[in-house]
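File shown: my_file-v5.csv (CSV, C-alpha atoms).
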```csv
chain,number,residue,atom,x,y,z
A,19,MET,CA,0.0,0.0,0.0
A,20,LEU,CA,1.1,3.6,-0.6
A,21,ALA,CA,0.8,4.3,3.1
A,22,GLU,CA,3.6,1.9,3.8
A,23,VAL,CA,6.2,3.6,1.5
A,24,VAL,CA,5.7,7.3,2.0
A,25,ASP,CA,6.5,9.8,4.7
A,26,ALA,CA,3.5,12.1,3.9
A,27,VAL,CA,0.6,12.4,1.6
A,28,ILE,CA,-0.8,15.7,0.3
A,29,GLY,CA,-4.4,15.9,-0.8
A,30,ILE,CA,-5.5,18.8,-3.0
A,31,ASP,CA,-9.0,19.9,-4.0
A,32,THR,CA,-8.6,22.2,-7.0
A,33,HIS,CA,-10.7,25.2,-8.2
A,34,ARG,CA,-10.4,28.0,-10.7
A,35,ASP,CA,-8.8,30.6,-8.4
A,36,SER,CA,-7.5,28.7,-5.4
A,37,HIS,CA,-6.7,25.2,-4.2
A,38,GLU,CA,-7.4,23.6,-0.8
A,39,VAL,CA,-4.4,21.6,0.5
A,40,GLU,CA,-4.1,19.1,3.4
A,41,ILE,CA,-0.7,17.6,4.4
A,42,ALA,CA,-1.1,14.3,6.3
A,43,ASP,CA,1.1,11.6,7.7
A,44,PRO,CA,1.0,8.0,6.4
A,45,ALA,CA,-1.8,7.2,8.9
A,46,GLY,CA,-4.0,9.9,7.4
A,47,LYS,CA,-3.7,12.3,10.4
A,48,PRO,CA,-3.6,15.9,9.2
A,49,ILE,CA,-0.3,17.7,9.8
A,50,ALA,CA,-1.3,21.1,8.2
A,51,ALA,CA,-4.0,22.7,6.0
A,52,LEU,CA,-3.6,25.7,3.8
A,53,GLN,CA,-5.2,27.4,0.8
A,54,ILE,CA,-3.0,28.5,-2.1
A,55,ALA,CA,-3.6,30.6,-5.2
A,56,ASN,CA,-3.9,28.9,-8.6
A,57,ASP,CA,-0.7,30.6,-9.9
A,58,SER,CA,3.0,30.2,-9.8
A,59,GLY,CA,3.2,32.1,-6.5
A,60,GLY,CA,0.7,29.7,-4.9
A,61,PHE,CA,2.7,26.7,-6.3
A,62,ALA,CA,5.9,28.1,-4.7
A,63,GLN,CA,4.1,28.6,-1.4
A,64,LEU,CA,3.0,24.9,-1.4
A,65,LEU,CA,6.5,23.7,-2.2
A,66,ALA,CA,7.9,25.8,0.6
A,67,ALA,CA,5.3,24.4,3.0
A,68,ILE,CA,6.2,20.8,1.9
A,69,VAL,CA,9.9,21.4,2.7
A,70,LYS,CA,9.1,22.9,6.1
A,71,MET,CA,6.4,20.6,7.3
A,72,VAL,CA,6.9,17.1,5.7
A,73,PRO,CA,8.9,14.8,8.0
A,74,GLY,CA,10.7,12.9,5.2
A,75,PRO,CA,11.6,13.0,1.5
A,76,ARG,CA,9.0,10.4,0.3
A,77,VAL,CA,6.0,12.5,-0.6
A,78,ALA,CA,2.9,11.6,-2.7
A,79,VAL,CA,0.5,14.3,-3.9
A,80,SER,CA,-3.1,13.3,-4.7
A,81,ILE,CA,-4.8,15.9,-6.9
A,82,GLU,CA,-8.5,16.1,-7.8
A,83,GLY,CA,-8.8,17.7,-11.2
A,84,SER,CA,-5.2,17.2,-12.3
A,85,ARG,CA,-6.1,17.8,-16.0
A,86,SER,CA,-8.4,20.8,-15.5
A,87,TYR,CA,-8.0,23.4,-12.8
A,88,GLY,CA,-5.1,21.6,-11.2
A,89,ILE,CA,-3.0,21.0,-14.3
A,90,GLY,CA,-0.6,23.9,-13.6
A,91,LEU,CA,-0.1,22.7,-10.1
A,92,ALA,CA,0.4,19.1,-11.2
A,93,ARG,CA,3.1,20.2,-13.7
A,94,ALA,CA,4.9,22.3,-11.1
A,95,LEU,CA,4.9,19.5,-8.5
A,96,ALA,CA,6.0,16.9,-11.0
A,97,ALA,CA,8.9,19.2,-12.1
A,98,ALA,CA,9.9,19.4,-8.5
A,99,GLY,CA,10.3,15.6,-8.4
A,100,LEU,CA,7.2,14.8,-6.4
A,101,LEU,CA,5.0,11.8,-7.1
A,102,VAL,CA,1.7,13.2,-8.5
A,103,ILE,CA,-1.4,11.0,-8.5
A,104,GLU,CA,-4.7,11.6,-10.1
A,105,CYS,CA,-7.6,11.5,-7.6
A,106,GLU,CA,-11.1,10.8,-8.7
A,107,GLN,CA,-14.0,12.9,-7.4
A,108,PRO,CA,-15.4,11.4,-4.2
A,109,SER,CA,-18.5,9.3,-4.7
A,110,ARG,CA,-21.7,9.7,-2.8
A,111,LYS,CA,-20.9,6.6,-0.7
A,112,GLN,CA,-17.5,8.1,0.2
A,113,ARG,CA,-19.2,11.4,1.2
A,114,ARG,CA,-21.9,9.8,3.3
A,115,GLY,CA,-21.8,11.1,6.9
A,116,LYS,CA,-18.9,13.5,6.1
A,117,GLY,CA,-20.6,16.4,4.3
A,118,LYS,CA,-19.2,18.6,1.5
A,119,SER,CA,-16.6,21.3,1.8
A,120,ASP,CA,-13.2,22.0,0.3
A,121,PRO,CA,-11.2,20.9,3.4
A,122,ILE,CA,-13.3,17.7,3.5
A,123,ASP,CA,-12.5,17.0,-0.2
A,124,ALA,CA,-8.8,17.6,0.4
A,125,HIS,CA,-8.9,15.1,3.3
A,126,LEU,CA,-10.8,12.6,1.1
A,127,ALA,CA,-8.1,12.9,-1.5
A,128,VAL,CA,-5.5,12.0,1.1
A,129,LEU,CA,-7.5,8.9,2.2
A,130,ALA,CA,-8.0,7.8,-1.4
A,131,ALA,CA,-4.3,7.9,-2.1
A,132,LEU,CA,-3.3,6.0,1.1
A,133,ARG,CA,-5.6,3.1,0.1
A,134,LEU,CA,-3.9,2.7,-3.3
A,135,ASP,CA,-1.7,-0.2,-4.3
A,136,THR,CA,1.7,1.1,-5.3
A,137,GLY,CA,1.5,-0.9,-8.5
A,138,ARG,CA,-1.8,0.7,-9.5
A,139,LEU,CA,-1.2,4.4,-9.1
A,140,ALA,CA,-3.0,6.7,-11.5
A,141,VAL,CA,-0.1,8.9,-12.8
A,142,PRO,CA,-1.3,12.0,-14.8
A,143,ARG,CA,-1.1,11.7,-18.5
A,144,ALA,CA,1.9,13.0,-20.4
A,145,ASP,CA,2.2,16.4,-21.9
A,146,GLY,CA,4.3,17.3,-25.0
A,147,ASP,CA,3.3,15.7,-28.2
A,148,ARG,CA,0.6,13.7,-26.5
A,149,GLU,CA,-1.0,17.0,-25.4
A,150,ALA,CA,-0.6,18.3,-29.0
A,151,LEU,CA,-2.6,15.3,-30.3
A,152,ARG,CA,-5.3,15.8,-27.7
A,153,ILE,CA,-5.7,19.5,-28.8
A,154,LEU,CA,-5.9,18.5,-32.5
A,155,LEU,CA,-8.5,15.8,-31.7
A,156,VAL,CA,-10.7,18.2,-29.8
A,157,ALA,CA,-10.4,20.7,-32.7
A,158,ARG,CA,-11.3,17.9,-35.2
A,159,GLN,CA,-14.3,17.0,-33.2
A,160,GLU,CA,-15.5,20.6,-33.1
A,161,ILE,CA,-14.9,21.1,-36.8
A,162,THR,CA,-16.7,17.9,-37.7
A,163,ALA,CA,-19.7,18.8,-35.5
A,164,ALA,CA,-20.0,22.2,-37.1
A,165,ARG,CA,-19.5,20.8,-40.6
A,166,THR,CA,-22.3,18.3,-40.1
A,167,ALA,CA,-24.7,21.0,-38.9
A,168,GLN,CA,-23.8,23.2,-41.8
A,169,ALA,CA,-24.3,20.4,-44.3
A,170,SER,CA,-27.7,19.6,-42.9
A,171,ARG,CA,-28.6,23.3,-43.1
A,172,LEU,CA,-27.4,23.6,-46.7
A,173,ARG,CA,-29.4,20.6,-47.8
A,174,ALA,CA,-32.5,21.9,-46.1
A,175,LEU,CA,-32.1,25.2,-48.0
A,176,LEU,CA,-31.5,23.4,-51.3
A,177,LEU,CA,-34.7,21.3,-50.8
A,178,THR,CA,-36.7,24.5,-50.8
A,179,GLY,CA,-35.4,25.6,-54.2
A,180,ASP,CA,-36.1,24.5,-57.8
A,181,ASP,CA,-35.7,21.0,-59.3
A,182,THR,CA,-32.0,21.6,-59.9
A,183,ASP,CA,-31.4,22.5,-56.2
A,184,ARG,CA,-33.4,19.6,-55.0
A,185,GLN,CA,-31.4,17.3,-57.1
A,186,THR,CA,-28.2,18.8,-55.7
A,187,ALA,CA,-29.5,18.3,-52.2
A,188,ARG,CA,-29.8,14.5,-52.9
A,189,GLY,CA,-26.2,14.1,-54.1
A,190,ALA,CA,-22.8,14.4,-52.5
A,191,LEU,CA,-21.6,17.8,-51.6
A,192,THR,CA,-18.2,17.6,-53.4
A,193,GLN,CA,-15.7,20.4,-53.6
A,194,ARG,CA,-16.9,21.1,-57.2
A,195,VAL,CA,-20.6,21.3,-56.1
A,196,LEU,CA,-19.7,23.6,-53.2
A,197,ALA,CA,-17.7,25.9,-55.4
A,198,ALA,CA,-20.6,26.1,-57.9
A,199,LEU,CA,-23.0,26.9,-55.1
A,200,ALA,CA,-20.8,29.6,-53.7
A,201,GLY,CA,-20.2,31.2,-57.0
A,202,ARG,CA,-23.8,31.3,-58.3
A,203,GLU,CA,-25.1,34.6,-59.5
A,204,LEU,CA,-28.5,35.9,-58.4
A,205,PRO,CA,-30.9,36.3,-61.3
A,206,ALA,CA,-32.2,39.8,-62.1
A,207,GLY,CA,-35.4,40.7,-60.4
A,208,ALA,CA,-35.1,38.1,-57.7
A,209,ARG,CA,-37.3,38.5,-54.7
A,210,ARG,CA,-35.8,39.4,-51.3
A,211,ASP,CA,-36.4,35.9,-49.9
A,212,HIS,CA,-34.6,34.4,-52.9
A,213,ALA,CA,-31.7,36.7,-52.5
A,214,ILE,CA,-31.3,35.9,-48.8
A,215,ARG,CA,-31.7,32.2,-49.4
A,216,GLN,CA,-28.9,32.4,-52.1
A,217,GLY,CA,-26.7,34.4,-49.8
A,218,GLU,CA,-27.0,31.8,-47.0
A,219,ILE,CA,-26.4,29.0,-49.5
A,220,ALA,CA,-23.2,30.7,-50.6
A,221,ARG,CA,-22.1,31.3,-47.0
A,222,LEU,CA,-22.7,27.6,-46.0
A,223,ALA,CA,-20.9,26.3,-49.2
A,224,LEU,CA,-17.8,28.5,-48.4
A,225,ALA,CA,-17.9,27.3,-44.8
A,226,LEU,CA,-18.1,23.7,-45.8
A,227,GLY,CA,-15.2,24.1,-48.2
A,228,GLN,CA,-13.1,25.7,-45.5
A,229,ALA,CA,-14.0,22.9,-43.0
A,230,ARG,CA,-12.9,20.3,-45.5
A,231,ARG,CA,-9.5,22.0,-45.9
A,232,GLN,CA,-9.2,22.4,-42.1
A,233,LEU,CA,-9.9,18.7,-41.6
A,234,LYS,CA,-7.3,17.7,-44.2
A,235,ASP,CA,-4.7,19.9,-42.5
A,236,ASN,CA,-5.7,18.5,-39.1
A,237,ARG,CA,-5.3,15.0,-40.4
A,238,ARG,CA,-1.8,15.9,-41.8
A,239,GLN,CA,-0.7,17.3,-38.5
A,240,LEU,CA,-2.0,14.2,-36.6
A,241,LEU,CA,-0.2,11.8,-39.0
A,242,ALA,CA,3.1,13.7,-38.5
A,243,ILE,CA,3.0,13.6,-34.7
A,244,VAL,CA,1.8,10.0,-34.6
A,245,ASP,CA,4.6,8.9,-36.8
A,246,ASP,CA,7.1,10.6,-34.5
A,247,ILE,CA,5.6,9.1,-31.3
A,248,ALA,CA,4.8,5.6,-32.5
A,249,PRO,CA,6.5,4.8,-35.8
A,250,GLY,CA,4.7,2.0,-37.8
A,251,LEU,CA,1.4,2.3,-36.0
A,252,THR,CA,-0.5,3.7,-39.0
A,253,ARG,CA,0.9,1.0,-41.3
A,254,ARG,CA,-1.2,-1.6,-39.5
A,255,TYR,CA,-4.4,-2.4,-41.3
A,256,GLY,CA,-7.3,-0.1,-40.6
A,257,ILE,CA,-5.4,2.2,-38.2
A,258,GLY,CA,-5.6,5.7,-39.6
A,259,PRO,CA,-4.1,8.9,-38.1
A,260,VAL,CA,-7.3,9.8,-36.2
A,261,SER,CA,-7.7,6.4,-34.6
A,262,ALA,CA,-3.9,6.1,-33.9
A,263,ALA,CA,-3.9,9.6,-32.3
A,264,GLN,CA,-6.8,8.7,-30.0
A,265,ALA,CA,-5.0,5.5,-29.0
A,266,ILE,CA,-1.9,7.4,-28.1
A,267,VAL,CA,-3.8,10.1,-26.1
A,268,SER,CA,-5.6,7.4,-24.1
A,269,PHE,CA,-2.4,5.3,-23.6
A,270,SER,CA,-0.4,8.4,-22.8
A,271,HIS,CA,2.9,6.7,-22.0
A,272,PRO,CA,4.4,3.2,-21.2
A,273,GLY,CA,3.6,2.3,-17.6
A,274,ARG,CA,0.3,4.3,-17.2
A,275,CYS,CA,-1.6,1.1,-18.1
A,276,ARG,CA,0.0,-1.7,-16.1
A,277,SER,CA,-1.0,-4.5,-18.6
A,278,GLU,CA,-2.8,-5.1,-21.9
A,279,ALA,CA,-5.8,-6.2,-19.9
A,280,ALA,CA,-5.9,-2.8,-18.1
A,281,PHE,CA,-5.6,-1.0,-21.5
A,282,ALA,CA,-8.5,-3.2,-22.8
A,283,ALA,CA,-10.6,-2.2,-19.7
A,284,LEU,CA,-9.7,1.5,-20.3
A,285,GLY,CA,-11.0,1.2,-23.8
A,286,GLY,CA,-14.2,-0.6,-22.8
A,287,THR,CA,-13.2,-3.8,-24.7
A,288,SER,CA,-12.7,-6.2,-21.8
A,289,PRO,CA,-15.3,-9.0,-21.8
A,290,ILE,CA,-17.9,-8.8,-19.0
A,291,PRO,CA,-19.3,-12.2,-17.9
A,292,ALA,CA,-23.0,-12.5,-18.6
A,293,SER,CA,-23.6,-16.2,-18.0
A,294,SER,CA,-26.6,-17.8,-16.4
A,295,GLY,CA,-27.6,-21.4,-16.0
A,296,GLN,CA,-26.6,-23.4,-19.0
A,297,THR,CA,-25.7,-20.3,-21.0
A,298,VAL,CA,-22.0,-19.2,-20.9
A,299,ARG,CA,-21.3,-15.9,-22.6
A,300,HIS,CA,-19.7,-12.5,-22.3
A,301,ARG,CA,-21.2,-9.1,-23.2
A,302,LEU,CA,-19.8,-5.8,-24.3
A,303,ASN,CA,-18.2,-3.5,-21.7
A,304,ARG,CA,-20.0,-0.2,-21.7
A,305,GLY,CA,-17.5,1.5,-19.4
A,306,GLY,CA,-14.0,3.0,-19.9
A,307,ASP,CA,-12.8,5.7,-22.3
A,308,ARG,CA,-15.5,5.9,-24.9
A,309,ALA,CA,-13.4,7.9,-27.3
A,310,LEU,CA,-10.8,5.1,-27.3
A,311,ASN,CA,-13.7,2.6,-27.7
A,312,ARG,CA,-14.9,4.5,-30.8
A,313,ALA,CA,-11.4,4.4,-32.3
A,314,ILE,CA,-11.1,0.7,-31.7
A,315,HIS,CA,-14.6,0.2,-33.1
A,316,ALA,CA,-13.7,2.1,-36.3
A,317,ILE,CA,-10.6,-0.1,-36.8
A,318,ALA,CA,-12.7,-3.2,-36.3
A,319,VAL,CA,-15.4,-2.1,-38.7
A,320,THR,CA,-12.8,-1.3,-41.4
A,321,ARG,CA,-11.2,-4.7,-41.0
A,322,ILE,CA,-14.5,-6.5,-41.1
A,323,ARG,CA,-15.3,-4.7,-44.3
A,324,SER,CA,-12.1,-5.1,-46.3
A,325,CYS,CA,-9.5,-7.2,-44.5
A,326,ALA,CA,-9.4,-10.8,-45.9
A,327,ARG,CA,-8.0,-12.2,-42.7
A,328,THR,CA,-10.6,-10.6,-40.5
A,329,ARG,CA,-13.4,-11.7,-42.9
A,330,ALA,CA,-12.2,-15.3,-42.6
A,331,TYR,CA,-12.2,-14.9,-38.8
A,332,VAL,CA,-15.8,-13.5,-38.9
A,333,ALA,CA,-16.9,-16.4,-41.1
A,334,ARG,CA,-15.4,-19.0,-38.7
A,335,ARG,CA,-16.9,-17.5,-35.6
A,336,THR,CA,-20.3,-17.1,-37.3
A,337,ALA,CA,-20.2,-20.8,-38.1
A,338,GLU,CA,-19.5,-21.5,-34.4
A,339,GLY,CA,-22.8,-19.7,-33.5
A,340,LYS,CA,-21.4,-16.3,-32.5
A,341,THR,CA,-23.6,-13.3,-33.1
A,342,PRO,CA,-22.2,-10.2,-35.0
A,343,ARG,CA,-22.1,-8.2,-31.8
A,344,GLU,CA,-20.1,-11.0,-30.0
A,345,ILE,CA,-17.7,-11.2,-32.9
A,346,ARG,CA,-17.1,-7.5,-32.9
A,347,ARG,CA,-16.5,-7.7,-29.1
A,348,CYS,CA,-13.8,-10.4,-29.7
A,349,LEU,CA,-12.2,-8.4,-32.5
A,350,LYS,CA,-12.1,-5.2,-30.4
A,351,ARG,CA,-10.3,-7.1,-27.6
A,352,TYR,CA,-7.7,-8.4,-30.1
A,353,ILE,CA,-7.2,-4.8,-31.5
A,354,ALA,CA,-6.8,-3.4,-28.0
A,355,ARG,CA,-4.0,-6.0,-27.4
A,356,GLU,CA,-2.4,-5.2,-30.7
A,357,LEU,CA,-2.5,-1.4,-29.9
A,358,TYR,CA,-1.1,-1.9,-26.4
A,359,ARG,CA,1.9,-4.0,-27.6
A,360,GLN,CA,2.6,-1.7,-30.6
A,361,LEU,CA,2.5,1.4,-28.4
A,362,THR,CA,4.6,-0.1,-25.6
A,363,ARG,CA,7.2,-1.3,-28.1
A,364,SER,CA,7.5,1.8,-30.3
A,365,MET,CA,7.2,4.4,-27.4
A,366,ASN,CA,10.0,2.6,-25.5
A,367,LEU,CA,12.4,2.8,-28.4
A,368,PRO,CA,15.3,5.3,-27.9
A,369,ALA,CA,14.8,8.6,-29.7
A,370,GLY,CA,16.7,9.0,-32.9
A,371,PRO,CA,19.5,11.5,-33.4
```
Could you express the structure from this file as structure tokens?
Amino acid sequence: MLAEVVDAVIGIDTHRDSHEVEIADPAGKPIAALQIANDSGGFAQLLAAIVKMVPGPRVAVSIEGSRSYGIGLARALAAAGLLVIECEQPSRKQRRGKGKSDPIDAHLAVLAALRLDTGRLAVPRADGDREALRILLVARQEITAARTAQASRLRALLLTGDDTDRQTARGALTQRVLAALAGRELPAGARRDHAIRQGEIARLALALGQARRQLKDNRRQLLAIVDDIAPGLTRRYGIGPVSAAQAIVSFSHPGRCRSEAAFAALGGTSPIPASSGQTVRHRLNRGGDRALNRAIHAIAVTRIRSCARTRAYVARRTAEGKTPREIRRCLKRYIARELYRQLTRSMNLPAGP
């Protein structure tokens, strides 16, 4: 247990402007409590308090919100050589009989850390290129959502037009179609509603063309970073830059997931027993990181559709009586194992000159 190998544990409840801190001994008894500002001055204040009050050099810091309001503090403490642990928000069961306040939450962060096995510590995710991938994936999600809404709006406007517009709405909105829509001239004597409708069609067509270019640029940036972090990952069948980037973001760094089974559980691909009586089966895991699960699902669907080896596997399992959902579950578990081994191997390689 962590309590057996540290001299002190620090629990921190983070907020936008300030953080509540409790310093405790390995038995969970508070040594000191303080409030620090969420800035470099507050971080220096906490480091000075640790040096002054902690009875030994072995210190673990349990931070709630280490990737949101507490990200600056987590980086400062890690840079100072302290062990930083991610702390989950207390559950209702953990709060029962204790109430809710910032000092209480800081104390619960201490207790949560002390109960941890040293081999299962939740170390914060890596920064650097991994953080760059995360930012690009969030941007891609935002661009895709806006593009989908704009395409739906454009088709709705085209359906209210003449036969040519309605035919355009039924087809693919290619770059050529969007350029033609954006460059259409308004006929002479057009009514005001027609002019406004045409102006909105042109605006949406230009926006969709821009979104397409942004997504291509985003994909190119993702591919460059993925190839630097995990060479060879995108050369595996069905793994594109977006799926590979999400796998890296969730995996973070070697050692964060203690085994391939832990990585499969993180991705929601570990089998859950669902047996009863004479029926022995497993069901899909609906927990874990759903973004990683979507990436693995996309890889599985691509392989089922066009990989000869995977199609042969699907045919064999179908003959054994497996349902399509059960087969996909098995495939996703295999893909999780493949991703874990590839990422562990490639990210442990020494950097090139």
One decimal, in Å: what's the spacing between CA of Ile353 in chain A and CA of Val319 in chain A?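 Computing it gives 11.2 Å between the two atoms.
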Would you mind telling me which residue in A:Arg351, A:Asp235, A:Arg209, A:Ile49 lies nearest to Pro73 in chain A when using all atoms listed in the file? A:Ile49
Rank A:Gln53, A:Ser261, A:Gln168, A:Thr182 by their smallest atom-to-atom distance to Arg221 in chain A, using only C-alpha atoms, and report the top residue only.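 Of the candidates, the smallest distance to Arg221 in chain A is held by A:Gln168.
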Quick one: residues within 9 Å of His33 in chain A, all atoms listed in the file, excluding same-chain residues fewer than 5 positions away - as a compact mmCIF listing (two decimals) with C-alpha atoms, in the frame of the given file?
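Written file, result_35.txt:
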```txt
# COMPACT_ATOMS: atom_id res chain seq x y z
CA GLU A 38 -7.40 23.60 -0.80
CA ASN A 56 -3.90 28.90 -8.60
CA GLY A 83 -8.80 17.70 -11.20
CA SER A 86 -8.40 20.80 -15.50
CA TYR A 87 -8.00 23.40 -12.80
CA GLY A 88 -5.10 21.60 -11.20
```
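Atom pair CA of Ile122 in chain A / CA of Pro48 in chain A: separated by 11.4 Å.
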Test item: residues at most 9 Å from Arg133 in chain A, only C-alpha atoms, excluding those fewer than 5 positions along its chain, as a ChimeraX atom specification: /A:19-21,128
Near Arg158 in chain A, counting only C-alpha atoms, which residues have an atom at most 7 Å away, once you skip same-chain residues fewer than 4 positions from it, shown as a VMD selection string? chain A and resid 154 162 233 236
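Take CA of Arg171 in chain A and CA of Gln193 in chain A: the distance between them is 16.9 Å.
Between Gln232 in chain A and the candidates A:Gln159, A:Ser36, A:Ser80, A:Gln216, the tightest atom-to-atom separation, counting all atoms listed in the file, involves A:Gln159.
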Show which residues sit within 8 Å of Val260 in chain A, as a PyMOL selection string. Count all atoms listed in the file, and ignore same-chain residues fewer than 6 positions away. chain A and resi 155+237+240-241+313
Selection file, C-alpha atoms, as a compact mmCIF listing (two decimals), in the coordinates of the input:
```txt
# COMPACT_ATOMS: atom_id res chain seq x y z
CA LEU A 155 -8.50 15.80 -31.70
CA ARG A 237 -5.30 15.00 -40.40
CA LEU A 240 -2.00 14.20 -36.60
CA LEU A 241 -0.20 11.80 -39.00
CA ALA A 313 -11.40 4.40 -32.30
```
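For range 291-308 of chain A, the residues within 10 Å (counting all atoms listed in the file, excluding itself and residues fewer than 2 positions away along the chain) are A:Ser268, A:Phe281, A:Ala282, A:Ala283, A:Leu284, A:Gly285, A:Gly286, A:Thr287, A:Ser288, A:Pro289, A:Leu310, A:Asn311, A:Arg312, A:Ala313, A:Ile314, A:Lys340, A:Arg343, A:Glu344, A:Arg346, A:Arg347, A:Cys348, A:Lys350.
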So that I have them on file, write out the residues from the current selection with C-alpha atoms, as a JSON list (two decimals), in the coordinates of the input.
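Generated file (result.json):
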```json
[["chain", "number", "residue", "atom", "x", "y", "z"],
["A", 268, "SER", "CA", -5.60, 7.40, -24.10],
["A", 281, "PHE", "CA", -5.60, -1.00, -21.50],
["A", 282, "ALA", "CA", -8.50, -3.20, -22.80],
["A", 283, "ALA", "CA", -10.60, -2.20, -19.70],
["A", 284, "LEU", "CA", -9.70, 1.50, -20.30],
["A", 285, "GLY", "CA", -11.00, 1.20, -23.80],
["A", 286, "GLY", "CA", -14.20, -0.60, -22.80],
["A", 287, "THR", "CA", -13.20, -3.80, -24.70],
["A", 288, "SER", "CA", -12.70, -6.20, -21.80],
["A", 289, "PRO", "CA", -15.30, -9.00, -21.80],
["A", 310, "LEU", "CA", -10.80, 5.10, -27.30],
["A", 311, "ASN", "CA", -13.70, 2.60, -27.70],
["A", 312, "ARG", "CA", -14.90, 4.50, -30.80],
["A", 313, "ALA", "CA", -11.40, 4.40, -32.30],
["A", 314, "ILE", "CA", -11.10, 0.70, -31.70],
["A", 340, "LYS", "CA", -21.40, -16.30, -32.50],
["A", 343, "ARG", "CA", -22.10, -8.20, -31.80],
["A", 344, "GLU", "CA", -20.10, -11.00, -30.00],
["A", 346, "ARG", "CA", -17.10, -7.50, -32.90],
["A", 347, "ARG", "CA", -16.50, -7.70, -29.10],
["A", 348, "CYS", "CA", -13.80, -10.40, -29.70],
["A", 350, "LYS", "CA", -12.10, -5.20, -30.40]]
```
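Shortest separation to Ile81 in chain A among A:Ala140, A:Val23, A:Ala337, A:Ala66 occurs at residue A:Ala140, atoms counted being all atoms listed in the file.
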With only C-alpha atoms as the atoms that count, which of A:Lys111, A:Arg93, A:Arg323, A:His125 lies nearest to Lys47 in chain A? A:His125
Point (-12.2, 17.1, -7.7), cut-off 7 Å, counting all atoms listed in the file, residues as a PDB file with C-alpha atoms, keeping the file's coordinate frame:
```pdb
ATOM      1  CA  ASP A  31      -9.000  19.900  -4.000  1.00  0.00           C
ATOM      2  CA  THR A  32      -8.600  22.200  -7.000  1.00  0.00           C
ATOM      3  CA  GLU A  82      -8.500  16.100  -7.800  1.00  0.00           C
ATOM      4  CA  GLY A  83      -8.800  17.700 -11.200  1.00  0.00           C
ATOM      5  CA  GLU A 106     -11.100  10.800  -8.700  1.00  0.00           C
ATOM      6  CA  GLN A 107     -14.000  12.900  -7.400  1.00  0.00           C
TER       7      GLN A 107
END
```
For the point (-1.6, 8.6, 7.5) in the file's frame, write as a PDB file with C-alpha atoms, in the frame of the given file all residues with an atom no more than 8 Å away, counting only C-alpha atoms.
```
ATOM      1  CA  ALA A  21       0.800   4.300   3.100  1.00  0.00           C
ATOM      2  CA  ALA A  26       3.500  12.100   3.900  1.00  0.00           C
ATOM      3  CA  VAL A  27       0.600  12.400   1.600  1.00  0.00           C
ATOM      4  CA  ALA A  42      -1.100  14.300   6.300  1.00  0.00           C
ATOM      5  CA  ASP A  43       1.100  11.600   7.700  1.00  0.00           C
ATOM      6  CA  PRO A  44       1.000   8.000   6.400  1.00  0.00           C
ATOM      7  CA  ALA A  45      -1.800   7.200   8.900  1.00  0.00           C
ATOM      8  CA  GLY A  46      -4.000   9.900   7.400  1.00  0.00           C
ATOM      9  CA  LYS A  47      -3.700  12.300  10.400  1.00  0.00           C
ATOM     10  CA  PRO A  48      -3.600  15.900   9.200  1.00  0.00           C
ATOM     11  CA  LEU A 129      -7.500   8.900   2.200  1.00  0.00           C
ATOM     12  CA  LEU A 132      -3.300   6.000   1.100  1.00  0.00           C
TER      13      LEU A 132
END
```
Using only C-alpha atoms for the distances, tell me which of A:Ala94, A:Val39, A:Gly137, A:Ile103 is nearest to Ala62 in chain A.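 Looking at the shortest contact to Ala62 in chain A, the residue is A:Ala94.
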